[in-house]
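Reading through the structure tokens given below for one structure.
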Amino acid sequence: MTVATTLLDAVTVSQSEGRAIPDAATRETIGYAPVHTVADLNAAIAAARAAQPAWAALGHAERSRILNAIADDIEASAEELAVILSREQGKPLDGPNARFEVGACAVWTRSAADTVLEPEVVFEAGSARAEVHYDPLGVVGAIGPWNWPMMITVWQIAPSLRMGNTVVAKPSEYTPLSVLALVEVFNRHLPEGVLTAISGDREVGAAIAAHPDLDKIMFTGSTATGRRIVESSAHNLARLTLELGGNDAGIVLPGTDVAQVAQDLFWGCFINTGQTCAALKRLYVHDSVYDEVVDALAGLAEAMPMGRGLDDGNVLGPLQNEKQFDIVTRLVDDARARGARIVTGGRPLPDLGPLFYQATVVADIEDGAALVDEEQFGPAIPVIRYADVDDAVRRANASQQGLGASVWSSDRDAAIEVAKRLEAGTVWINGHGGLNPQVPFGGVKASGYGQEFGAAGLKAVAAPKVISW
Ligand code: NAD
């Protein structure tokens with residue numbers, strides 16, 4: 001069955017020319033994505049290079065006007081975009097999922113349009129003065145993942161466009177149609193060549209990273225791929241923003257009102273069925289509230305409707321792809337074999353579809369278990385007991401990754417003191433993963449470098465130029 005929507009039709013090519021893209025829940029083909037080659041990539045970069053001076057010359061006010069018109073259009077096309085996203089990615093329409101993601105695309109596009117970035121006076125003495133101005137870099141390559149494909153693409157392309165760069169975007173090979181549809185909406189408003197989507201595989205991704213005529217790579221994906229991109233950048237000296245994997249820890253302090261935080265804890269772990277870079281992936285809970293937290297999480301996991309994204313009321317969906325399904329299965333099976341307690345879940349749900357895995361809470365598990373040490377990127381949370389806060393901080397910081405972290409407590413000051421000791425790009429208190437388009441976001445350690453959002457995000461896609469007299 002093919003869903004006939006105008007946007008989907010606009011980005012789908014014929015069967016003979018394209019690659020079949022399955023519905024994540026049912027595995028039925030929803031459309032055919034173009035198979036772009038390195039030659040297509042080269043042409044797109046040449047077009048972007050040619051279009052860039054005129055785009056930069058439009059100035060901030062006109063580019064902001066265009067971006068706001070795009071945001072309006074995303075809102076006008078929201079349901080259509082959400083249906084494509086829900087089918088291709090698997091996330092339900094309801095809950096913090098497909099409609100939420102499309103809404104965020106409009107919000108982040110507007111924020112890129114409206115954030116003020118004036119030249120900064122960095123020195124003044126008598127008649128001497130130095131100012132930093134922010135010029136466009138040129139052509140930006142944007143490489144995205146499959147978990148929040150539209151929203152993360154907007155994070156990459158909207159600030160880049162606002163600053164006067166042109167962009168070539170490559171969606172993940174797992175979720176090309178949703179990104180192509182989003183780019184289609186952008187291109188109703190942009191001049192030719194300013195934004196091109198290239199739907200290619202990992203080889204095309206590698207060709208972008210190594211391309212001699214790109215000035216900046218915005219990359220969101222795994223740490224392993226991030227390392228390869230850093231190697232390529234030794235040759236083209238492209239500037240990099242790398243948003244890589246995470247294995248975010250949360251620490252629940254003694255005395256926490258568990259009933260009050262339970263819902264937020266649950267969504268911190270299970271947002272997008274756990275397939276979120278900055279989701280809670282290891283939860284350290286003080287002995288005094290351990291059983292209460294485990295029971296609360298298990299109760300919510302059992303109560304949350306899981307199923308096909310287009311069916312009303314579902315808030316959890318399938319794993320997006322078989323590789324990720326296998327990772328989650330392996331990690332939970334390993335935890336069980338080590339004697340950890342599977343409080344709820346712990347098995348696939350084939351009646352719903354081949355890639356559904358039950359929301360899973362695993363207790364009585366320790367660091368050293370693969371489910372704790374590795375990124376599961378799926379609906380399975382290990383809950384680890386601790387007795388001493390210093391020990392919990394040490395274990396939370398023991399990871400190579402440092403994207404996000406959280407502290408949960410009824411005592412905000414105590415939580416802030418613990419937050420200061422955690423090695424992460426963002427530490428949330430009594431929440432996890434909440435993002436704000438004005439607040440910088442990025443990782444430390446192996447979770448990457450560079451920040452997105454707000455003025456920091458605009459600077460990351462600009463060339464600072466000092467003018468001094
Ligand atoms: P991935 O690294 O496998 O793929 C990401 C993108 O890189 C895809 O478009 C892919 O085609 C491309 N690619 C593959 N090989 C390449 C190469 N050699 N050079 C250039 N590009 C190449 O990641 P994924 O499986 O799509 O995403 C999941 C990972 O992304 C998880 O680890 C997750 O934590 C991370 N992630 C991080 C953030 C963040 O903001 N930090 C957000 C979402 C996902």
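Here's how to read the names in the structure tokens: chain A, B, ... by the order shown, residue numbers from 1 in each chain, ligand numbers from 1 in the order shown.
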Hey, could you make a per-residue contact list for chain A against ligand 1 with 7 Å as the cut-off, showing the nearest pair of atoms and its distance in Å to one decimal, counting only C-alpha atoms and all ligand atoms, sorted by chain and number, as a tab-separated table?
residue	atom	partner	partner_atom_place_in_ligand_line	distance
A:Ile143	CA	ligand 1	9 (O)	5.1
A:Gly144	CA	ligand 1	9 (O)	4.6
A:Pro145	CA	ligand 1	26 (O)	3.5
A:Trp146	CA	ligand 1	26 (O)	4.8
A:Asn147	CA	ligand 1	43 (C)	6.1
A:Trp148	CA	ligand 1	43 (C)	6.6
A:Lys170	CA	ligand 1	9 (O)	6.0
A:Pro171	CA	ligand 1	9 (O)	5.0
A:Ser172	CA	ligand 1	9 (O)	3.4
A:Glu173	CA	ligand 1	11 (O)	5.6
A:Asp201	CA	ligand 1	11 (O)	5.1
A:Arg202	CA	ligand 1	11 (O)	3.9
A:Glu203	CA	ligand 1	16 (C)	6.5
A:Gly205	CA	ligand 1	21 (N)	3.5
A:Ala206	CA	ligand 1	19 (N)	3.3
A:Ala207	CA	ligand 1	19 (N)	6.9
A:Ile208	CA	ligand 1	20 (C)	6.5
A:Ala209	CA	ligand 1	20 (C)	5.3
A:Thr220	CA	ligand 1	38 (C)	5.1
A:Gly221	CA	ligand 1	30 (O)	3.1
A:Ser222	CA	ligand 1	2 (O)	3.7
A:Thr223	CA	ligand 1	32 (O)	6.2
A:Ala224	CA	ligand 1	2 (O)	6.5
A:Thr225	CA	ligand 1	2 (O)	4.5
A:Gly226	CA	ligand 1	2 (O)	6.8
A:Arg228	CA	ligand 1	18 (N)	5.5
A:Ile229	CA	ligand 1	19 (N)	5.5
A:Glu243	CA	ligand 1	41 (N)	3.6
A:Leu244	CA	ligand 1	41 (N)	4.1
A:Gly245	CA	ligand 1	34 (O)	3.1
A:Gly246	CA	ligand 1	34 (O)	5.0
A:Thr276	CA	ligand 1	43 (C)	6.0
A:Cys277	CA	ligand 1	34 (O)	3.8
A:Ala278	CA	ligand 1	39 (C)	6.7
A:Phe377	CA	ligand 1	31 (C)	6.8
A:Leu403	CA	ligand 1	41 (N)	6.5
A:Gly442	CA	ligand 1	41 (N)	6.8
A:Gly443	CA	ligand 1	41 (N)	6.7
A:Ser447	CA	ligand 1	41 (N)	6.3
Could you take the residues named above and write them with C-alpha atoms, as a PDB file, in the first residue's frame?
ATOM      1  CA  ILE A 143      24.696  14.643   7.626  1.00  0.00           C
ATOM      2  CA  GLY A 144      21.852  13.318   9.749  1.00  0.00           C
ATOM      3  CA  PRO A 145      20.674  10.251  11.692  1.00  0.00           C
ATOM      4  CA  TRP A 146      17.423   8.260  11.593  1.00  0.00           C
ATOM      5  CA  ASN A 147      16.014   8.821  15.061  1.00  0.00           C
ATOM      6  CA  TRP A 148      14.738  12.439  14.877  1.00  0.00           C
ATOM      7  CA  LYS A 170      22.262  14.004   3.428  1.00  0.00           C
ATOM      8  CA  PRO A 171      19.616  12.166   5.422  1.00  0.00           C
ATOM      9  CA  SER A 172      20.221   8.762   6.925  1.00  0.00           C
ATOM     10  CA  GLU A 173      19.682   5.945   4.439  1.00  0.00           C
ATOM     11  CA  ASP A 201      24.192   5.686   1.444  1.00  0.00           C
ATOM     12  CA  ARG A 202      27.166   5.701   3.785  1.00  0.00           C
ATOM     13  CA  GLU A 203      29.525   5.987   0.808  1.00  0.00           C
ATOM     14  CA  GLY A 205      28.198  10.370   3.479  1.00  0.00           C
ATOM     15  CA  ALA A 206      31.916   9.625   3.395  1.00  0.00           C
ATOM     16  CA  ALA A 207      32.230  11.575   0.124  1.00  0.00           C
ATOM     17  CA  ILE A 208      30.613  14.620   1.754  1.00  0.00           C
ATOM     18  CA  ALA A 209      32.988  14.443   4.703  1.00  0.00           C
ATOM     19  CA  THR A 220      24.791  14.020  14.018  1.00  0.00           C
ATOM     20  CA  GLY A 221      25.223  10.291  14.363  1.00  0.00           C
ATOM     21  CA  SER A 222      27.355   7.685  16.032  1.00  0.00           C
ATOM     22  CA  THR A 223      30.721   8.251  17.659  1.00  0.00           C
ATOM     23  CA  ALA A 224      32.328   5.722  15.287  1.00  0.00           C
ATOM     24  CA  THR A 225      31.234   7.696  12.203  1.00  0.00           C
ATOM     25  CA  GLY A 226      32.190  10.950  13.926  1.00  0.00           C
ATOM     26  CA  ARG A 228      35.885   8.961  10.516  1.00  0.00           C
ATOM     27  CA  ILE A 229      34.669  12.481   9.757  1.00  0.00           C
ATOM     28  CA  GLU A 243      26.763  15.637  17.874  1.00  0.00           C
ATOM     29  CA  LEU A 244      27.591  12.030  18.616  1.00  0.00           C
ATOM     30  CA  GLY A 245      26.291   9.193  20.730  1.00  0.00           C
ATOM     31  CA  GLY A 246      25.479   9.340  24.394  1.00  0.00           C
ATOM     32  CA  THR A 276      17.094   9.450  21.397  1.00  0.00           C
ATOM     33  CA  CYS A 277      20.677  10.666  21.678  1.00  0.00           C
ATOM     34  CA  ALA A 278      20.105  12.546  24.916  1.00  0.00           C
ATOM     35  CA  PHE A 377      19.248   3.358  21.919  1.00  0.00           C
ATOM     36  CA  LEU A 403      26.209  14.183  26.054  1.00  0.00           C
ATOM     37  CA  GLY A 442      26.283  19.855  22.608  1.00  0.00           C
ATOM     38  CA  GLY A 443      28.387  17.110  24.101  1.00  0.00           C
ATOM     39  CA  SER A 447      29.866  12.729  22.494  1.00  0.00           C
TER      40      SER A 447
END
Practice item. Enumerate the residues of stretch 303-399 of chain A with a DSSP assignment of helix (DSSP H, G or I), computed from the backbone, and present them as a ChimeraX atom specification. Key: /A:303,322-337,370-373,389-397
Point to revise | Counting only C-alpha atoms, the residue of A:Ala463, A:Ala424, A:Ala33, A:Leu435 that sits nearest A:Asn165 | key: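 The answer is A:Ala463, which sits nearest to A:Asn165.
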**Study point:** Who sits within 8 Å of A:Val121, only C-alpha atoms, same chain under 6 positions skipped, as a list in words
**Key:**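 So, after excluding close chain neighbours, the residues are Arg129, Ala130, Glu131 and Val132 of chain A.
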Selected residues written out, C-alpha atoms, as a PDB file, in the first residue's frame:
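Heads up, here's the output in result02.pdb:
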ATOM      1  CA  ARG A 129      38.467  49.383  18.938  1.00  0.00           C
ATOM      2  CA  ALA A 130      38.140  45.744  17.838  1.00  0.00           C
ATOM      3  CA  GLU A 131      34.906  44.135  16.699  1.00  0.00           C
ATOM      4  CA  VAL A 132      34.074  40.553  15.783  1.00  0.00           C
TER       5      VAL A 132
END
**Study point:** Between atom CA of A:Val293 and atom CA of A:Phe325, distance in Å (one decimal)
**Key:** 26.0 Å
**Study point:** DSSP strand (DSSP E) selection over stretch 165-345 of chain A, as a VMD selection string
**Key:** chain A and resid 166 to 170 195 to 197 216 to 220 239 to 243 248 to 252 280 to 286 341 to 344
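Candidate residues A:Glu124, A:Asp257, A:Glu452, A:Glu79 were compared for distance to A:Thr153, and the nearest is A:Glu452, using only C-alpha atoms.
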**Study point:** Exercise: A:Ser111 partners within 8 Å, only C-alpha atoms, chain neighbours under 3 positions left out, as a ChimeraX atom specification
**Key:** /A:107-108,114-115,437-438,454
Would you put the residues from that selection into a file with N, CA and C atoms, as a PDB file, in the first residue's frame?
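Dumped to selection_2.pdb:
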ATOM      1  N   VAL A 107       9.431  25.466  15.171  1.00  0.00           N
ATOM      2  CA  VAL A 107       9.959  26.289  16.275  1.00  0.00           C
ATOM      3  C   VAL A 107      11.447  26.590  16.057  1.00  0.00           C
ATOM      4  N   TRP A 108      12.233  25.572  15.693  1.00  0.00           N
ATOM      5  CA  TRP A 108      13.676  25.795  15.533  1.00  0.00           C
ATOM      6  C   TRP A 108      13.987  26.618  14.276  1.00  0.00           C
ATOM      7  N   ASP A 114      15.045  34.336  14.020  1.00  0.00           N
ATOM      8  CA  ASP A 114      14.818  35.498  14.885  1.00  0.00           C
ATOM      9  C   ASP A 114      15.938  35.769  15.883  1.00  0.00           C
ATOM     10  N   THR A 115      16.873  34.837  16.044  1.00  0.00           N
ATOM     11  CA  THR A 115      17.960  35.067  16.999  1.00  0.00           C
ATOM     12  C   THR A 115      18.853  36.205  16.491  1.00  0.00           C
ATOM     13  N   PRO A 437      15.308  26.100  22.021  1.00  0.00           N
ATOM     14  CA  PRO A 437      16.074  26.586  20.862  1.00  0.00           C
ATOM     15  C   PRO A 437      17.018  27.742  21.172  1.00  0.00           C
ATOM     16  N   GLN A 438      16.847  28.367  22.339  1.00  0.00           N
ATOM     17  CA  GLN A 438      17.770  29.458  22.701  1.00  0.00           C
ATOM     18  C   GLN A 438      18.923  28.986  23.576  1.00  0.00           C
ATOM     19  N   GLY A 454      20.541  28.774  19.409  1.00  0.00           N
ATOM     20  CA  GLY A 454      20.747  30.125  19.902  1.00  0.00           C
ATOM     21  C   GLY A 454      21.905  30.826  19.199  1.00  0.00           C
TER      22      GLY A 454
END
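Taking only C-alpha atoms into account, A:Val289 lies nearest to A:Ile384 out of the set A:Ile384, A:Leu58, A:Val35, A:Ile45.
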**Study point:** Pairwise distance for atom CA of A:Thr273 and atom CA of A:Lys91, rounded to one decimal in Å
**Key:**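 It comes out at 7.7 Å.
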Counting only C-alpha atoms, what is within 8 Å of A:Leu81, bar same-chain residues fewer than 6 positions away, as a short mmCIF file (atom, residue, chain, number, x, y, z; two decimals) with C-alpha atoms, in the first residue's frame?
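That gives us around21.cif:
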data_model
loop_
_atom_site.label_atom_id
_atom_site.label_comp_id
_atom_site.auth_asym_id
_atom_site.auth_seq_id
_atom_site.Cartn_x
_atom_site.Cartn_y
_atom_site.Cartn_z
CA LEU A 7 4.55 15.63 -0.42
CA VAL A 102 7.25 18.47 13.12
CA SER A 178 10.85 12.37 5.67
CA ALA A 181 9.69 15.98 2.19
CA LEU A 182 10.92 18.57 4.68
#
Check your understanding: Nearest to A:Val427: which of A:Ile251, A:Pro348, A:Lys216, A:Trp469 is it, counting only C-alpha atoms?
Key -> A:Ile251
Check your understanding: Excluding same-chain residues fewer than 2 positions from A:Gly31, what lies within 7 Å of it counting only C-alpha atoms, as a PyMOL selection string?
Key -> chain A and resi 2+12+20-21+29+33
Output the selection as a PDB file, in the first residue's frame - all heavy atoms for each residue.
ATOM      1  N   THR A   2       0.551   2.195  -0.831  1.00  0.00           N
ATOM      2  CA  THR A   2       1.287   3.454  -0.831  1.00  0.00           C
ATOM      3  C   THR A   2       0.354   4.551  -0.345  1.00  0.00           C
ATOM      4  O   THR A   2      -0.779   4.661  -0.797  1.00  0.00           O
ATOM      5  CB  THR A   2       1.766   3.794  -2.255  1.00  0.00           C
ATOM      6  OG1 THR A   2       2.515   2.684  -2.726  1.00  0.00           O
ATOM      7  CG2 THR A   2       2.649   5.029  -2.267  1.00  0.00           C
ATOM      8  N   THR A  12       8.970  10.809  -3.911  1.00  0.00           N
ATOM      9  CA  THR A  12       9.129   9.391  -4.252  1.00  0.00           C
ATOM     10  C   THR A  12       9.431   9.254  -5.734  1.00  0.00           C
ATOM     11  O   THR A  12       8.772   9.888  -6.557  1.00  0.00           O
ATOM     12  CB  THR A  12       7.833   8.623  -3.922  1.00  0.00           C
ATOM     13  OG1 THR A  12       7.570   8.786  -2.543  1.00  0.00           O
ATOM     14  CG2 THR A  12       7.963   7.152  -4.218  1.00  0.00           C
ATOM     15  N   ALA A  20      13.483   0.913  -2.166  1.00  0.00           N
ATOM     16  CA  ALA A  20      12.232   0.781  -1.405  1.00  0.00           C
ATOM     17  C   ALA A  20      12.477   1.158   0.050  1.00  0.00           C
ATOM     18  O   ALA A  20      13.434   0.712   0.666  1.00  0.00           O
ATOM     19  CB  ALA A  20      11.729  -0.655  -1.492  1.00  0.00           C
ATOM     20  N   ILE A  21      11.589   1.995   0.580  1.00  0.00           N
ATOM     21  CA  ILE A  21      11.690   2.402   1.979  1.00  0.00           C
ATOM     22  C   ILE A  21      10.501   1.808   2.728  1.00  0.00           C
ATOM     23  O   ILE A  21       9.347   2.066   2.384  1.00  0.00           O
ATOM     24  CB  ILE A  21      11.675   3.947   2.105  1.00  0.00           C
ATOM     25  CG1 ILE A  21      12.839   4.562   1.314  1.00  0.00           C
ATOM     26  CG2 ILE A  21      11.701   4.368   3.574  1.00  0.00           C
ATOM     27  CD1 ILE A  21      14.220   4.171   1.794  1.00  0.00           C
ATOM     28  N   THR A  29       6.229  -1.324   1.838  1.00  0.00           N
ATOM     29  CA  THR A  29       6.930  -0.219   1.182  1.00  0.00           C
ATOM     30  C   THR A  29       6.051   1.029   1.181  1.00  0.00           C
ATOM     31  O   THR A  29       4.879   0.959   0.788  1.00  0.00           O
ATOM     32  CB  THR A  29       7.288  -0.620  -0.259  1.00  0.00           C
ATOM     33  OG1 THR A  29       8.218  -1.700  -0.192  1.00  0.00           O
ATOM     34  CG2 THR A  29       7.915   0.531  -1.033  1.00  0.00           C
ATOM     35  N   ALA A  33      13.015   5.903  -2.499  1.00  0.00           N
ATOM     36  CA  ALA A  33      13.900   7.065  -2.355  1.00  0.00           C
ATOM     37  C   ALA A  33      14.889   7.087  -3.508  1.00  0.00           C
ATOM     38  O   ALA A  33      15.389   6.034  -3.930  1.00  0.00           O
ATOM     39  CB  ALA A  33      14.665   6.983  -1.038  1.00  0.00           C
TER      40      ALA A  33
END
Check your understanding: Could you pull the residues within 6 Å of stretch 350-359 of chain A, counting only C-alpha atoms, minus those fewer than 3 positions along the same chain, as a list in words?
Key -> Ala25, Thr26, Ala301, Pro318, Leu319, Gly345, Arg347 and Pro379 of chain A
Written selection (N, CA, C and O atoms) as a compact mmCIF listing (two decimals), in the first residue's frame:
# COMPACT_ATOMS: atom_id res chain seq x y z
N ALA A 25 6.81 0.10 11.06
CA ALA A 25 5.97 -0.80 11.86
C ALA A 25 5.55 -2.04 11.07
O ALA A 25 5.65 -3.15 11.56
N THR A 26 5.11 -1.83 9.83
CA THR A 26 4.52 -2.96 9.08
C THR A 26 5.47 -3.58 8.08
O THR A 26 5.23 -4.68 7.60
N ALA A 301 5.73 1.78 32.23
CA ALA A 301 6.12 1.04 31.01
C ALA A 301 4.98 0.11 30.59
O ALA A 301 4.70 -0.06 29.40
N PRO A 318 7.84 1.01 17.18
CA PRO A 318 8.85 -0.03 16.98
C PRO A 318 10.27 0.55 17.04
O PRO A 318 10.44 1.76 17.04
N LEU A 319 11.26 -0.33 17.06
CA LEU A 319 12.61 0.10 16.71
C LEU A 319 12.58 0.45 15.23
O LEU A 319 11.81 -0.14 14.47
N GLY A 345 8.79 -6.34 30.66
CA GLY A 345 9.29 -6.37 29.28
C GLY A 345 10.31 -7.48 29.09
O GLY A 345 10.13 -8.59 29.58
N ARG A 347 11.20 -8.73 26.08
CA ARG A 347 10.97 -9.60 24.92
C ARG A 347 10.35 -8.81 23.77
O ARG A 347 9.73 -7.76 23.98
N PRO A 379 14.11 0.81 23.91
CA PRO A 379 13.22 0.87 25.08
C PRO A 379 13.61 -0.09 26.20
O PRO A 379 12.86 -1.01 26.53
Review point. Looking at only C-alpha atoms, which of A:Asp411, A:Asp311, A:Asp364, A:Glu375 is the one that sits closest to A:Ile327?
Key: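 Of all the options, A:Glu375 lies closest to A:Ile327.
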